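K.L.:
start.txt is reproduced in full below (compact mmCIF, C-alpha atoms).
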# COMPACT_ATOMS: atom_id res chain seq x y z
CA MET A 1 -165.18 -141.63 -95.29
CA ILE A 2 -165.50 -138.02 -94.22
CA ARG A 3 -165.48 -139.14 -90.57
CA ILE A 4 -162.28 -141.11 -91.12
CA MET A 5 -160.63 -138.12 -92.82
CA LEU A 6 -161.70 -135.84 -89.99
CA LEU A 7 -160.32 -138.32 -87.46
CA ILE A 8 -156.97 -138.48 -89.30
CA ALA A 9 -156.85 -134.67 -89.49
CA ALA A 10 -157.60 -134.40 -85.77
CA LEU A 11 -154.90 -136.95 -84.91
CA LEU A 12 -152.36 -135.09 -87.09
CA ALA A 13 -153.26 -131.81 -85.40
CA VAL A 14 -152.76 -133.35 -81.94
CA ASP A 15 -149.42 -134.80 -83.05
CA VAL A 16 -148.21 -131.48 -84.45
CA MET A 17 -149.25 -129.65 -81.28
CA ALA A 18 -147.49 -132.21 -79.08
CA ALA A 19 -144.21 -132.12 -81.02
CA PRO A 20 -141.65 -129.64 -79.68
CA PRO A 21 -140.81 -126.86 -82.13
CA GLN A 22 -137.51 -127.16 -83.94
CA GLY A 23 -134.57 -125.87 -81.94
CA ALA A 24 -136.62 -125.60 -78.77
CA GLN A 25 -134.51 -127.99 -76.73
CA GLY A 26 -135.10 -127.21 -73.10
CA SER A 27 -138.36 -125.37 -73.80
CA ASN A 28 -140.88 -124.91 -70.98
CA SER A 29 -143.17 -127.72 -72.14
CA GLN A 30 -140.27 -130.12 -72.45
CA ILE A 31 -138.98 -129.15 -69.04
CA GLU A 32 -142.41 -129.68 -67.50
CA ARG A 33 -142.60 -133.16 -69.02
CA GLN A 34 -139.16 -133.98 -67.66
CA GLU A 35 -138.84 -136.38 -64.75
CA TRP A 36 -137.22 -134.65 -61.77
CA GLY A 37 -135.49 -135.85 -58.62
CA PRO A 38 -136.62 -134.88 -55.11
CA ALA A 39 -136.61 -131.20 -54.15
CA VAL A 40 -133.72 -130.11 -51.92
CA ARG A 41 -133.58 -126.55 -50.57
CA GLY A 42 -135.60 -125.20 -53.46
CA LEU A 43 -133.70 -127.07 -56.18
CA GLN A 44 -134.53 -130.07 -58.37
CA ALA A 45 -132.30 -131.97 -60.79
CA SER A 46 -133.13 -133.99 -63.85
CA VAL A 47 -131.19 -136.22 -66.20
CA SER A 48 -132.33 -137.60 -69.55
CA LEU A 49 -130.57 -139.45 -72.32
CA ALA A 50 -129.62 -137.35 -75.33
CA THR A 51 -128.09 -140.38 -77.05
CA THR A 52 -131.06 -142.28 -78.52
CA VAL A 53 -129.62 -145.79 -78.25
CA PRO A 54 -126.24 -145.98 -76.51
CA THR A 55 -123.73 -148.21 -78.24
CA GLN A 56 -121.04 -150.20 -76.47
CA GLY A 57 -117.75 -148.29 -76.50
CA GLU A 58 -119.37 -145.01 -77.53
CA PRO A 59 -119.82 -141.99 -75.21
CA ILE A 60 -123.29 -141.38 -73.79
CA THR A 61 -124.59 -137.84 -73.94
CA VAL A 62 -127.03 -136.84 -71.23
CA GLN A 63 -129.02 -133.67 -70.75
CA TYR A 64 -128.64 -132.51 -67.15
CA ARG A 65 -130.82 -129.79 -65.67
CA ILE A 66 -131.13 -128.03 -62.35
CA ARG A 67 -134.14 -125.80 -61.70
CA ASN A 68 -134.99 -123.35 -58.99
CA ILE A 69 -138.49 -124.09 -57.68
CA SER A 70 -138.23 -121.69 -54.75
CA GLY A 71 -139.31 -118.09 -54.90
CA GLU A 72 -135.81 -116.83 -54.14
CA PRO A 73 -132.54 -116.66 -56.06
CA ILE A 74 -130.28 -119.60 -55.15
CA LYS A 75 -126.51 -119.72 -55.57
CA ILE A 76 -125.05 -122.89 -57.01
CA VAL A 77 -121.41 -123.74 -57.53
CA ASP A 78 -119.96 -124.35 -60.97
CA ALA A 79 -116.78 -126.30 -60.26
CA GLY A 80 -116.19 -127.69 -63.73
CA PHE A 81 -118.94 -130.33 -63.29
CA TRP A 82 -116.96 -133.43 -62.26
CA PRO A 83 -115.64 -132.14 -58.89
CA ASN A 84 -119.15 -131.62 -57.48
CA HIS A 85 -121.27 -134.07 -59.44
CA ARG A 86 -121.27 -137.80 -58.71
CA ILE A 87 -122.35 -140.02 -61.59
CA ASP A 88 -123.88 -143.32 -60.49
CA VAL A 89 -124.44 -146.15 -62.94
CA THR A 90 -125.66 -149.58 -61.87
CA THR A 91 -127.36 -152.42 -63.65
CA VAL A 92 -131.10 -152.54 -63.07
CA ASP A 93 -130.33 -155.30 -60.54
CA GLY A 94 -128.28 -152.79 -58.55
CA MET A 95 -124.85 -154.21 -59.45
CA LEU A 96 -122.03 -151.64 -59.53
CA VAL A 97 -120.37 -151.01 -62.89
CA SER A 98 -116.59 -150.78 -63.40
CA ARG A 99 -115.19 -147.34 -64.17
CA THR A 100 -112.91 -146.43 -67.05
CA THR A 101 -109.73 -144.40 -66.46
CA ALA A 102 -111.73 -141.21 -67.13
CA GLY A 103 -114.34 -142.41 -64.64
CA LYS A 104 -111.72 -143.10 -61.98
CA ASP A 105 -110.16 -139.66 -62.55
CA ALA A 106 -113.53 -137.95 -62.22
CA LEU A 107 -114.39 -139.90 -59.06
CA ARG A 108 -110.99 -139.13 -57.52
CA VAL A 109 -111.53 -135.40 -58.11
CA PHE A 110 -115.04 -135.67 -56.69
CA LEU A 111 -113.98 -137.54 -53.55
CA SER A 112 -111.01 -135.24 -52.84
CA GLY A 113 -113.25 -132.29 -52.03
CA ASP A 114 -110.64 -130.05 -53.68
CA ARG A 115 -112.02 -127.31 -55.88
CA ARG A 116 -109.90 -125.52 -58.45
CA LYS A 117 -112.19 -123.94 -61.02
CA THR A 118 -115.03 -122.64 -58.86
CA VAL A 119 -117.54 -119.99 -59.81
CA LEU A 120 -120.77 -119.07 -58.04
CA ARG A 121 -123.80 -118.87 -60.28
CA THR A 122 -127.14 -117.42 -59.26
CA LEU A 123 -130.20 -119.34 -60.35
CA MET A 124 -133.23 -117.07 -60.38
CA PRO A 125 -136.71 -118.34 -59.42
CA ALA A 126 -138.04 -120.72 -62.12
CA GLU A 127 -134.73 -120.55 -63.98
CA VAL A 128 -133.37 -123.80 -65.39
CA LEU A 129 -129.68 -124.53 -65.81
CA ASP A 130 -129.44 -126.75 -68.87
CA ASP A 131 -126.23 -128.57 -69.65
CA ALA A 132 -125.22 -131.49 -71.84
CA GLN A 133 -122.58 -133.88 -70.51
CA THR A 134 -120.69 -136.60 -72.30
CA ILE A 135 -120.14 -139.66 -70.14
CA THR A 136 -117.33 -142.07 -70.92
CA HIS A 137 -116.82 -143.12 -67.33
CA PHE A 138 -118.17 -146.66 -67.23
CA GLU A 139 -117.42 -150.01 -68.84
CA LEU A 140 -120.83 -150.64 -70.35
CA ARG A 141 -121.67 -153.92 -72.05
CA SER A 142 -123.95 -154.62 -74.95
CA GLY A 143 -127.39 -156.00 -74.11
CA VAL A 144 -127.29 -154.96 -70.45
CA ARG A 145 -129.89 -152.60 -69.00
CA TYR A 146 -128.47 -149.83 -66.81
CA ARG A 147 -129.73 -147.15 -64.47
CA LEU A 148 -127.99 -143.74 -64.36
CA SER A 149 -128.36 -140.80 -62.00
CA ILE A 150 -126.38 -137.64 -61.23
CA THR A 151 -126.03 -136.10 -57.77
CA TYR A 152 -124.89 -132.50 -57.23
CA VAL A 153 -122.96 -132.37 -53.95
CA GLU A 154 -121.76 -129.07 -52.55
CA GLY A 155 -121.22 -128.74 -48.82
CA SER A 156 -124.32 -130.02 -47.06
CA VAL A 157 -126.41 -129.86 -50.25
CA GLU A 158 -126.94 -133.25 -51.90
CA LEU A 159 -129.27 -132.93 -54.86
CA LYS A 160 -130.20 -136.20 -56.56
CA SER A 161 -131.61 -136.35 -60.05
CA ASN A 162 -134.18 -138.84 -61.25
CA GLN A 163 -132.90 -142.19 -62.51
CA VAL A 164 -132.84 -142.90 -66.22
CA GLU A 165 -132.77 -146.44 -67.60
CA PHE A 166 -131.21 -147.54 -70.88
CA THR A 167 -129.98 -150.64 -72.67
CA VAL A 168 -126.67 -150.61 -74.49
CA ARG A 169 -126.67 -151.85 -78.08
CA MET B 1 -93.07 -130.39 -40.81
CA PHE B 2 -89.78 -130.70 -42.66
CA GLN B 3 -91.64 -132.23 -45.59
CA PHE B 4 -94.05 -129.29 -45.59
CA ARG B 5 -91.18 -126.84 -45.78
CA VAL B 6 -89.55 -128.74 -48.63
CA VAL B 7 -92.82 -128.65 -50.58
CA CYS B 8 -93.19 -124.93 -49.79
CA ALA B 9 -89.71 -124.23 -51.04
CA ALA B 10 -90.23 -126.38 -54.14
CA ILE B 11 -93.45 -124.57 -55.06
CA GLY B 12 -91.83 -121.18 -54.40
CA LEU B 13 -88.88 -122.04 -56.63
CA PHE B 14 -91.24 -123.44 -59.24
CA ALA B 15 -93.29 -120.26 -59.32
CA THR B 16 -90.23 -118.06 -59.50
CA ALA B 17 -88.44 -120.13 -62.13
CA SER B 18 -91.50 -120.32 -64.32
CA ALA B 19 -92.06 -116.58 -64.43
CA TYR B 20 -89.63 -114.97 -66.81
CA ILE B 21 -88.54 -111.36 -66.56
CA MET B 22 -91.27 -109.11 -67.94
CA PRO B 23 -89.99 -107.11 -70.92
CA ALA B 24 -90.59 -103.38 -71.21
CA HIS B 25 -93.85 -102.10 -72.75
CA ALA B 26 -95.56 -105.42 -72.12
CA LEU B 27 -98.79 -106.33 -70.46
CA ILE B 28 -99.37 -104.13 -67.41
CA ILE B 29 -100.61 -105.69 -64.17
CA ASP B 30 -102.68 -103.16 -62.25
CA GLU B 31 -103.15 -103.95 -58.56
CA THR B 32 -103.82 -100.43 -57.37
CA ALA B 33 -107.57 -100.95 -57.08
CA LEU B 34 -106.88 -103.76 -54.70
CA THR B 35 -104.22 -102.60 -52.37
CA ASP B 36 -104.42 -98.85 -51.84
CA ALA B 37 -100.66 -98.52 -51.50
CA GLY B 38 -100.23 -102.08 -50.32
CA GLU B 39 -102.58 -101.93 -47.34
CA PRO B 40 -105.02 -104.81 -46.90
CA GLY B 41 -108.60 -103.79 -47.61
CA THR B 42 -111.90 -105.40 -48.51
CA ASP B 43 -110.62 -106.49 -51.91
CA TYR B 44 -107.30 -107.62 -50.56
CA ILE B 45 -107.04 -110.08 -47.67
CA PRO B 46 -103.52 -111.52 -47.61
CA PHE B 47 -104.20 -114.08 -44.87
CA VAL B 48 -106.94 -115.36 -42.62
CA THR B 49 -106.73 -117.44 -39.44
CA PHE B 50 -109.48 -119.40 -37.74
CA ASN B 51 -110.08 -122.05 -35.11
CA LEU B 52 -110.72 -125.52 -36.45
CA ASP B 53 -114.14 -127.02 -35.81
CA PRO B 54 -114.53 -130.52 -34.30
CA PRO B 55 -113.58 -133.30 -34.82
CA PHE B 56 -110.18 -131.62 -34.72
CA PRO B 57 -108.62 -130.38 -31.47
CA PRO B 58 -108.77 -126.59 -30.98
CA ASP B 59 -105.93 -125.71 -33.35
CA ILE B 60 -105.52 -122.67 -35.55
CA ALA B 61 -105.57 -122.86 -39.34
CA THR B 62 -103.99 -120.16 -41.50
CA VAL B 63 -104.73 -119.47 -45.15
CA THR B 64 -102.07 -117.28 -46.76
CA LEU B 65 -101.95 -115.83 -50.25
CA ILE B 66 -98.82 -117.02 -52.07
CA PRO B 67 -97.61 -114.82 -53.74
CA GLY B 68 -98.81 -111.98 -51.54
CA LEU B 69 -99.75 -110.05 -54.68
CA PRO B 70 -100.18 -111.55 -58.18
CA GLN B 71 -96.97 -111.31 -60.16
CA GLY B 72 -96.64 -110.91 -63.90
CA ILE B 73 -95.70 -113.85 -66.09
CA ALA B 74 -93.97 -112.93 -69.32
CA ALA B 75 -94.59 -116.16 -71.26
CA PHE B 76 -95.99 -119.69 -70.98
CA SER B 77 -93.83 -121.48 -68.40
CA LYS B 78 -91.98 -124.69 -69.20
CA ALA B 79 -94.06 -126.57 -66.62
CA ALA B 80 -97.31 -125.25 -68.12
CA LEU B 81 -96.11 -126.14 -71.63
CA ALA B 82 -95.19 -129.68 -70.60
CA THR B 83 -98.55 -130.16 -68.86
CA TYR B 84 -100.45 -128.73 -71.82
CA ASN B 85 -98.75 -131.09 -74.25
CA ASN B 86 -99.23 -134.03 -71.89
CA GLU B 87 -102.97 -133.42 -71.44
CA LYS B 88 -103.84 -132.20 -74.93
CA GLY B 89 -104.75 -135.59 -76.43
CA ALA B 90 -107.26 -136.51 -73.75
CA GLN B 91 -108.49 -133.16 -72.49
CA PHE B 92 -108.62 -130.78 -75.50
CA PRO B 93 -107.57 -132.71 -78.64
CA ASP B 94 -106.09 -130.87 -81.61
CA TRP B 95 -105.92 -127.50 -79.88
CA ASN B 96 -102.42 -126.52 -80.95
CA LEU B 97 -100.31 -123.97 -79.13
CA ALA B 98 -98.73 -120.85 -80.53
CA LEU B 99 -96.35 -119.24 -78.09
CA GLY B 100 -96.56 -115.49 -77.81
CA SER B 101 -95.51 -113.39 -74.83
CA ALA B 102 -96.70 -110.61 -72.57
CA ALA B 103 -94.84 -108.23 -74.87
CA ASP B 104 -97.52 -108.88 -77.51
CA LEU B 105 -100.18 -107.37 -75.27
CA HIS B 106 -100.28 -103.67 -74.46
CA GLY B 107 -103.43 -103.42 -72.37
CA VAL B 108 -103.97 -103.61 -68.63
CA LEU B 109 -104.68 -106.73 -66.59
CA THR B 110 -106.52 -105.38 -63.54
CA ILE B 111 -106.65 -107.47 -60.40
CA ASP B 112 -110.01 -106.54 -58.87
CA THR B 113 -110.04 -108.85 -55.86
CA TYR B 114 -107.47 -111.10 -54.21
CA GLN B 115 -108.49 -112.65 -50.92
CA ALA B 116 -107.52 -115.48 -48.60
CA ARG B 117 -110.77 -117.09 -47.50
CA ARG B 118 -112.10 -119.56 -44.95
CA GLY B 119 -114.68 -122.07 -46.14
CA THR B 120 -115.79 -122.84 -49.67
CA ALA B 121 -117.67 -120.94 -52.37
CA GLN B 122 -120.91 -122.52 -51.15
CA HIS B 123 -120.17 -122.02 -47.46
CA GLU B 124 -118.07 -118.87 -47.04
CA GLY B 125 -116.40 -118.12 -43.73
CA VAL B 126 -117.28 -121.37 -41.97
CA GLY B 127 -116.05 -124.93 -41.64
CA ASN B 128 -112.76 -126.74 -41.91
CA ALA B 129 -111.80 -125.51 -45.36
CA GLY B 130 -109.86 -122.67 -46.89
CA GLY B 131 -108.91 -121.20 -50.21
CA ALA B 132 -108.73 -117.92 -52.10
CA PHE B 133 -110.70 -115.70 -54.43
CA LEU B 134 -109.28 -113.94 -57.46
CA ALA B 135 -111.21 -111.60 -59.72
CA ALA B 136 -109.51 -109.93 -62.68
CA HIS B 137 -110.28 -108.36 -66.02
CA TYR B 138 -108.32 -107.27 -69.05
CA THR B 139 -108.67 -103.96 -70.86
CA ARG B 140 -107.47 -104.15 -74.43
CA ALA B 141 -105.09 -101.68 -76.03
CA ALA B 142 -105.64 -100.41 -79.57
CA ASN B 143 -102.51 -102.19 -80.80
CA ASP B 144 -103.31 -105.58 -79.24
CA PRO B 145 -103.54 -108.67 -81.50
CA THR B 146 -106.85 -108.98 -83.35
CA LEU B 147 -107.56 -112.45 -81.96
CA SER B 148 -110.32 -112.78 -79.38
CA LEU B 149 -108.92 -113.03 -75.88
CA THR B 150 -109.83 -115.33 -73.04
CA TRP B 151 -108.24 -117.17 -70.10
CA LEU B 152 -106.22 -120.33 -69.70
CA GLN B 153 -105.17 -121.45 -66.24
CA PHE B 154 -102.48 -123.87 -65.15
CA PHE B 155 -102.21 -125.05 -61.56
CA THR B 156 -99.89 -127.06 -59.36
CA ASP B 157 -100.87 -128.42 -55.97
CA ASN B 158 -99.54 -130.95 -53.50
CA THR B 159 -102.48 -133.36 -53.70
CA GLY B 160 -100.37 -136.17 -55.19
CA PRO B 161 -99.40 -139.33 -53.33
CA GLY B 162 -97.47 -138.44 -50.18
CA GLY B 163 -98.04 -134.74 -50.77
CA SER B 164 -96.24 -134.76 -54.12
CA LEU B 165 -96.89 -132.03 -56.66
CA VAL B 166 -99.55 -132.46 -59.34
CA SER B 167 -100.14 -130.11 -62.28
CA HIS B 168 -103.10 -129.67 -64.61
CA ILE B 169 -104.68 -127.29 -67.09
CA ASP B 170 -107.81 -126.04 -65.31
CA PRO B 171 -110.40 -127.52 -65.16
CA ASN B 172 -109.34 -131.13 -64.96
CA PRO B 173 -111.07 -133.31 -66.04
CA ASN B 174 -112.32 -131.06 -68.84
CA ASP B 175 -116.11 -130.74 -68.68
CA ASP B 176 -116.70 -129.10 -72.07
CA THR B 177 -119.31 -130.94 -74.08
CA LYS B 178 -119.72 -129.19 -77.43
CA GLU B 179 -116.02 -128.98 -78.11
CA LYS B 180 -113.20 -129.82 -75.70
CA LEU B 181 -111.51 -126.44 -75.24
CA PRO B 182 -108.34 -125.64 -73.31
CA PHE B 183 -109.79 -122.44 -71.88
CA TYR B 184 -110.73 -121.74 -68.29
CA TRP B 185 -114.10 -120.34 -69.35
CA ARG B 186 -116.41 -122.28 -71.59
CA ASP B 187 -118.52 -121.05 -74.43
CA ASN B 188 -121.18 -123.72 -74.35
CA GLU B 189 -123.13 -123.07 -71.19
CA ALA B 190 -125.84 -120.64 -70.31
CA GLY B 191 -124.47 -117.58 -68.63
CA GLU B 192 -120.82 -118.22 -69.40
CA LYS B 193 -118.84 -116.54 -72.14
CA LEU B 194 -115.22 -116.73 -73.15
CA SER B 195 -114.99 -112.96 -72.95
CA ASP B 196 -116.13 -112.77 -69.31
CA PRO B 197 -113.89 -111.35 -66.58
CA PHE B 198 -111.91 -113.95 -64.69
CA ARG B 199 -113.36 -115.32 -61.45
CA ASP B 200 -112.11 -118.24 -59.38
CA ARG B 201 -112.78 -119.28 -55.79
CA PRO B 202 -110.80 -122.51 -55.30
CA SER B 203 -110.83 -124.27 -51.94
CA ASP B 204 -109.60 -127.36 -50.14
CA PRO B 205 -111.07 -129.20 -47.17
CA ILE B 206 -108.80 -129.52 -44.14
CA THR B 207 -108.72 -133.25 -43.66
CA SER B 208 -106.08 -133.74 -40.95
CA ASP B 209 -104.23 -132.03 -38.14
CA PRO B 210 -101.48 -131.07 -38.91
CA PHE B 211 -102.36 -130.12 -42.48
CA PHE B 212 -100.61 -128.45 -45.36
CA ARG B 213 -102.00 -127.60 -48.77
CA SER B 214 -100.26 -125.49 -51.38
CA VAL B 215 -101.98 -124.42 -54.59
CA ALA B 216 -100.18 -122.30 -57.20
CA PHE B 217 -101.98 -120.91 -60.27
CA GLN B 218 -100.63 -119.41 -63.45
CA LEU B 219 -103.37 -117.43 -65.17
CA TYR B 220 -102.72 -116.61 -68.83
CA LEU B 221 -104.38 -114.36 -71.37
CA VAL B 222 -104.74 -116.36 -74.58
CA GLY B 223 -105.88 -115.55 -78.10
CA TYR B 224 -108.20 -117.64 -80.29
CA ASN B 225 -110.19 -117.41 -83.48
CA PRO B 226 -113.90 -117.54 -82.53
CA LEU B 227 -114.66 -119.33 -85.81
CA GLU B 228 -112.71 -122.30 -84.46
CA VAL B 229 -114.74 -122.59 -81.24
CA ASN B 230 -117.76 -124.92 -81.23
CA ASP B 231 -117.65 -125.01 -85.03
CA GLY B 232 -118.34 -128.72 -85.27
CA THR B 233 -114.67 -129.57 -85.68
CA GLN B 234 -112.57 -130.45 -82.67
CA GLY B 235 -109.39 -128.37 -82.54
CA GLY B 236 -107.89 -125.00 -83.32
CA THR B 237 -105.01 -122.79 -82.31
CA VAL B 238 -104.58 -121.08 -78.97
CA THR B 239 -101.94 -118.35 -78.68
CA VAL B 240 -100.59 -117.92 -75.18
CA TYR B 241 -99.47 -114.46 -74.10
CA GLY B 242 -98.60 -113.45 -70.53
CA GLY B 243 -100.49 -113.47 -67.29
CA ALA B 244 -100.14 -113.54 -63.53
CA ASN B 245 -99.23 -115.94 -60.74
CA TRP B 246 -101.50 -116.37 -57.76
CA GLY B 247 -102.32 -119.01 -55.18
CA TYR B 248 -102.60 -119.90 -51.52
CA GLN B 249 -101.37 -122.15 -48.76
CA ILE B 250 -103.36 -123.65 -45.91
CA GLN B 251 -101.45 -124.60 -42.80
CA VAL B 252 -102.43 -126.22 -39.56
CA PRO B 253 -99.18 -126.60 -37.65
CA GLU B 254 -98.34 -129.56 -35.47
CA PRO B 255 -99.71 -129.01 -31.96
CA ASN B 256 -96.16 -128.68 -30.58
CA SER B 257 -95.42 -125.90 -33.06
CA ALA B 258 -98.60 -124.10 -32.07
CA ILE B 259 -97.71 -124.31 -28.37
CA LEU B 260 -94.18 -123.11 -29.14
CA PHE B 261 -95.58 -120.23 -31.23
CA ALA B 262 -97.98 -119.25 -28.43
CA SER B 263 -95.15 -119.42 -25.87
CA MET B 264 -93.00 -117.19 -28.06
CA LEU B 265 -95.83 -114.65 -28.27
CA VAL B 266 -96.11 -114.63 -24.45
CA VAL B 267 -92.34 -114.16 -24.06
CA LEU B 268 -92.36 -111.44 -26.73
CA ALA B 269 -95.20 -109.62 -24.99
CA PHE B 270 -93.28 -109.82 -21.70
CA VAL B 271 -90.08 -108.48 -23.30
CA VAL B 272 -91.97 -105.60 -24.93
CA ARG B 273 -93.61 -104.75 -21.60
CA VAL B 274 -90.27 -104.75 -19.79
CA ALA B 275 -88.68 -102.69 -22.54
CA LYS B 276 -91.48 -100.10 -22.33
CA ARG B 277 -90.91 -99.73 -18.57
CA GLY B 278 -87.31 -98.83 -19.26
CA PRO B 279 -84.23 -99.64 -17.09
CA VAL B 280 -84.86 -100.08 -13.37
Translate this file's structure into C-alpha cells.

P.N.:
Amino acid sequence: MIRIMLLIAALLAVDVMAAPPQGAQGSNSQIERQEWGPAVRGLQASVSLATTVPTQGEPITVQYRIRNISGEPIKIVDAGFWPNHRIDVTTVDGMLVSRTTAGKDALRVFLSGDRRKTVLRTLMPAEVLDDAQTITHFELRSGVRYRLSITYVEGSVELKSNQVEFTVR
Amino acid sequence: MFQFRVVCAAIGLFATASAYIMPAHALIIDETALTDAGEPGTDYIPFVTFNLDPPFPPDIATVTLIPGLPQGIAAFSKAALATYNNEKGAQFPDWNLALGSAADLHGVLTIDTYQARRGTAQHEGVGNAGGAFLAAHYTRAANDPTLSLTWLQFFTDNTGPGGSLVSHIDPNPNDDTKEKLPFYWRDNEAGEKLSDPFRDRPSDPITSDPFFRSVAFQLYLVGYNPLEVNDGTQGGTVTVYGGANWGYQIQVPEPNSAILFASMLVVLAFVVRVAKRGPV
C-alpha cells in the first residue's frame, strides 16, 4: 500500500514539474519543446495551434514564433504580418484548400511585394519573437484533417515553419 | 506616359484637397532638424536615382519624395473618413470615430527623418525596388487633451487594376490579434507600444520598364482611452486630430523619354559651354 502511495506521489510530482507554470506562455521550456522549421540564416520559425479543436466556420488562432539561433543580432521586417508571411494550408493528402475573401486579400498583398507598414526589428541572440495570429483565410470543412505552415518571406530570406496538423470539428 | 501624368496629377490634387488650411495656434510641424534651412542632408534625401539591375535594360529609376517636405493636415480628410468607415466593420469593428482637429493639439510634431530610398527595409540600397523612410515623434504640450496619443495612417497608391488608385487604413489587412485596432502601432506585440515614435519604411518592387508607382500617406495623431485597448471587448473611440502628408513616387521612364532626356542634357551642356566662352 505504501509503495502504491509513493508511486502515486512520485507520478504527481513528475506531472506538476512537467506542467508549465500559469501565465508562462512562451516560457523557455515550452519554446524548447516546440517543433521548429529548418534554420535559415540564423533564424528558425515555429507554428502551433492555440485553438484546441478548430471548429468549422470559426477562426483558428495559432502561436507563431521566430527565434534567433545565431550568435549575432538579426534584423527582421515587421510589415503588418500578412504582406511578408505566406500561410499554406493543405489537406494531409496535399490538396489545396480554397481561400476566403480575407485569405484572397492577404495573398494578394503578399504576392504584390508592396510594403506599406514596414518596421525593422532587431532580434537579439536567443531572443524569440512570439506572436498570436488569427486565421480566417481558408474554407475549412468539418471532419477533414489539414496541414498548416507559415513562411516568412523578405527579399531572399524564405523562412519556413514546421507543419502543424489538425482536424476540424 | 500620359496615364502616369494623369495619376500624378490626381494624387497631387487629392493630397492638396484633403489637407485643410491649418488654423493658428494648432499643431506645429517641426522640420528644422531634418533640413537645415532646406538643404538635403543625411536625414533628408528628397530623391534618389539608380540604374536598374537585370533583367531590365540599363534604364534609370528615380524615387522622389512627394511632397518634398511633409505638410500639415488640419483634420481627418474626407477620403480618409470614407475609407475608415468603409473598412471599420471588417478591419477594426466598433472603433468609432470622433473628429477633432490639429487645433486641439498644441505640441510639436517633429519630423526626424524623411528619405527617398532604393531597395527595401531588408535590403537597403540595392535591387529593383524603391520607397521612403519617415521617422517622427510628437512632444505634448501642457494643454493637450488628456487622452493617450498614438498614430493612425491612411494611404493611397496606384496599385489598383490598370494603375487605379486604392486607399486603406494602414496596415491592411489588419494583423492585430488581441483586439482589432485602427492604429498604425499595435499594443499586443513584444517590443511595440502605442506610444512609440512613428517609423515607416514602405517600399515597392519595380516590376516593369517603364514603371510608375505613387504612394501618398496621411499620418494622423489620434487620441484613445487606454482602458478601451485590449480590454477583452472589441471597440472603443478614436479621436482624430491633425497630422502630416508624406509619400513617394517611383518612376522608370519609357526608354524614348530617357534618350530624349539624355539628349537634352547634352544639348544643355553644349549651350552652357558656348555661353561661357562668350561671343566670338

K.L.:
Please, what distance in Å, to one decimal, runs between CA of Thr52 (chain A) and CA of Asn84 (chain A)?

P.N.:
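We find that CA of Thr52 (chain A) and CA of Asn84 (chain A) lie 26.4 Å from each other.
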
K.L.:
Contacts from chain A to chain B, 12 Å maximum, only C-alpha atoms: show me the residue list as a short mmCIF file (atom, residue, chain, number, x, y, z; two decimals) with C-alpha atoms, keeping the file's coordinate frame.

P.N.:
data_model
loop_
_atom_site.label_atom_id
_atom_site.label_comp_id
_atom_site.auth_asym_id
_atom_site.auth_seq_id
_atom_site.Cartn_x
_atom_site.Cartn_y
_atom_site.Cartn_z
CA GLY A 26 -135.10 -127.21 -73.10
CA PRO A 59 -119.82 -141.99 -75.21
CA ILE A 60 -123.29 -141.38 -73.79
CA THR A 61 -124.59 -137.84 -73.94
CA VAL A 62 -127.03 -136.84 -71.23
CA GLN A 63 -129.02 -133.67 -70.75
CA TYR A 64 -128.64 -132.51 -67.15
CA ARG A 65 -130.82 -129.79 -65.67
CA ILE A 74 -130.28 -119.60 -55.15
CA LYS A 75 -126.51 -119.72 -55.57
CA ILE A 76 -125.05 -122.89 -57.01
CA VAL A 77 -121.41 -123.74 -57.53
CA ASP A 78 -119.96 -124.35 -60.97
CA ALA A 79 -116.78 -126.30 -60.26
CA GLY A 80 -116.19 -127.69 -63.73
CA PHE A 81 -118.94 -130.33 -63.29
CA TRP A 82 -116.96 -133.43 -62.26
CA PRO A 83 -115.64 -132.14 -58.89
CA ASN A 84 -119.15 -131.62 -57.48
CA HIS A 85 -121.27 -134.07 -59.44
CA THR A 101 -109.73 -144.40 -66.46
CA ALA A 102 -111.73 -141.21 -67.13
CA GLY A 103 -114.34 -142.41 -64.64
CA LYS A 104 -111.72 -143.10 -61.98
CA ASP A 105 -110.16 -139.66 -62.55
CA ALA A 106 -113.53 -137.95 -62.22
CA LEU A 107 -114.39 -139.90 -59.06
CA ARG A 108 -110.99 -139.13 -57.52
CA VAL A 109 -111.53 -135.40 -58.11
CA PHE A 110 -115.04 -135.67 -56.69
CA LEU A 111 -113.98 -137.54 -53.55
CA SER A 112 -111.01 -135.24 -52.84
CA GLY A 113 -113.25 -132.29 -52.03
CA ASP A 114 -110.64 -130.05 -53.68
CA ARG A 115 -112.02 -127.31 -55.88
CA ARG A 116 -109.90 -125.52 -58.45
CA LYS A 117 -112.19 -123.94 -61.02
CA THR A 118 -115.03 -122.64 -58.86
CA VAL A 119 -117.54 -119.99 -59.81
CA LEU A 120 -120.77 -119.07 -58.04
CA ARG A 121 -123.80 -118.87 -60.28
CA THR A 122 -127.14 -117.42 -59.26
CA LEU A 123 -130.20 -119.34 -60.35
CA GLU A 127 -134.73 -120.55 -63.98
CA VAL A 128 -133.37 -123.80 -65.39
CA LEU A 129 -129.68 -124.53 -65.81
CA ASP A 130 -129.44 -126.75 -68.87
CA ASP A 131 -126.23 -128.57 -69.65
CA ALA A 132 -125.22 -131.49 -71.84
CA GLN A 133 -122.58 -133.88 -70.51
CA THR A 134 -120.69 -136.60 -72.30
CA ILE A 135 -120.14 -139.66 -70.14
CA THR A 136 -117.33 -142.07 -70.92
CA HIS A 137 -116.82 -143.12 -67.33
CA VAL A 153 -122.96 -132.37 -53.95
CA GLU A 154 -121.76 -129.07 -52.55
CA GLY A 155 -121.22 -128.74 -48.82
CA SER A 156 -124.32 -130.02 -47.06
CA VAL A 157 -126.41 -129.86 -50.25
#

K.L.:
Write out as a list of chain:residue names each polymer residue whose atoms come within 8 Å of region 44-54 of chain B, counting all atoms listed in the file; drop sequence neighbours fewer than 2 positions from it.

P.N.:
B:Leu34, B:Thr35, B:Pro40, B:Gly41, B:Thr42, B:Phe56, B:Pro57, B:Pro58, B:Asp59, B:Ile60, B:Ala61, B:Thr62, B:Val63, B:Thr64, B:Leu65, B:Gly68, B:Thr113, B:Tyr114, B:Gln115, B:Ala116, B:Arg117, B:Arg118, B:Gly127, B:Asn128

K.L.:
For Tyr152 (chain A), which residue among A:Ile69, A:Asp93, A:Ser46, A:Arg86 is the nearest when counting only C-alpha atoms?

P.N.:
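For Tyr152 (chain A), the nearest of the given residues is A:Arg86.
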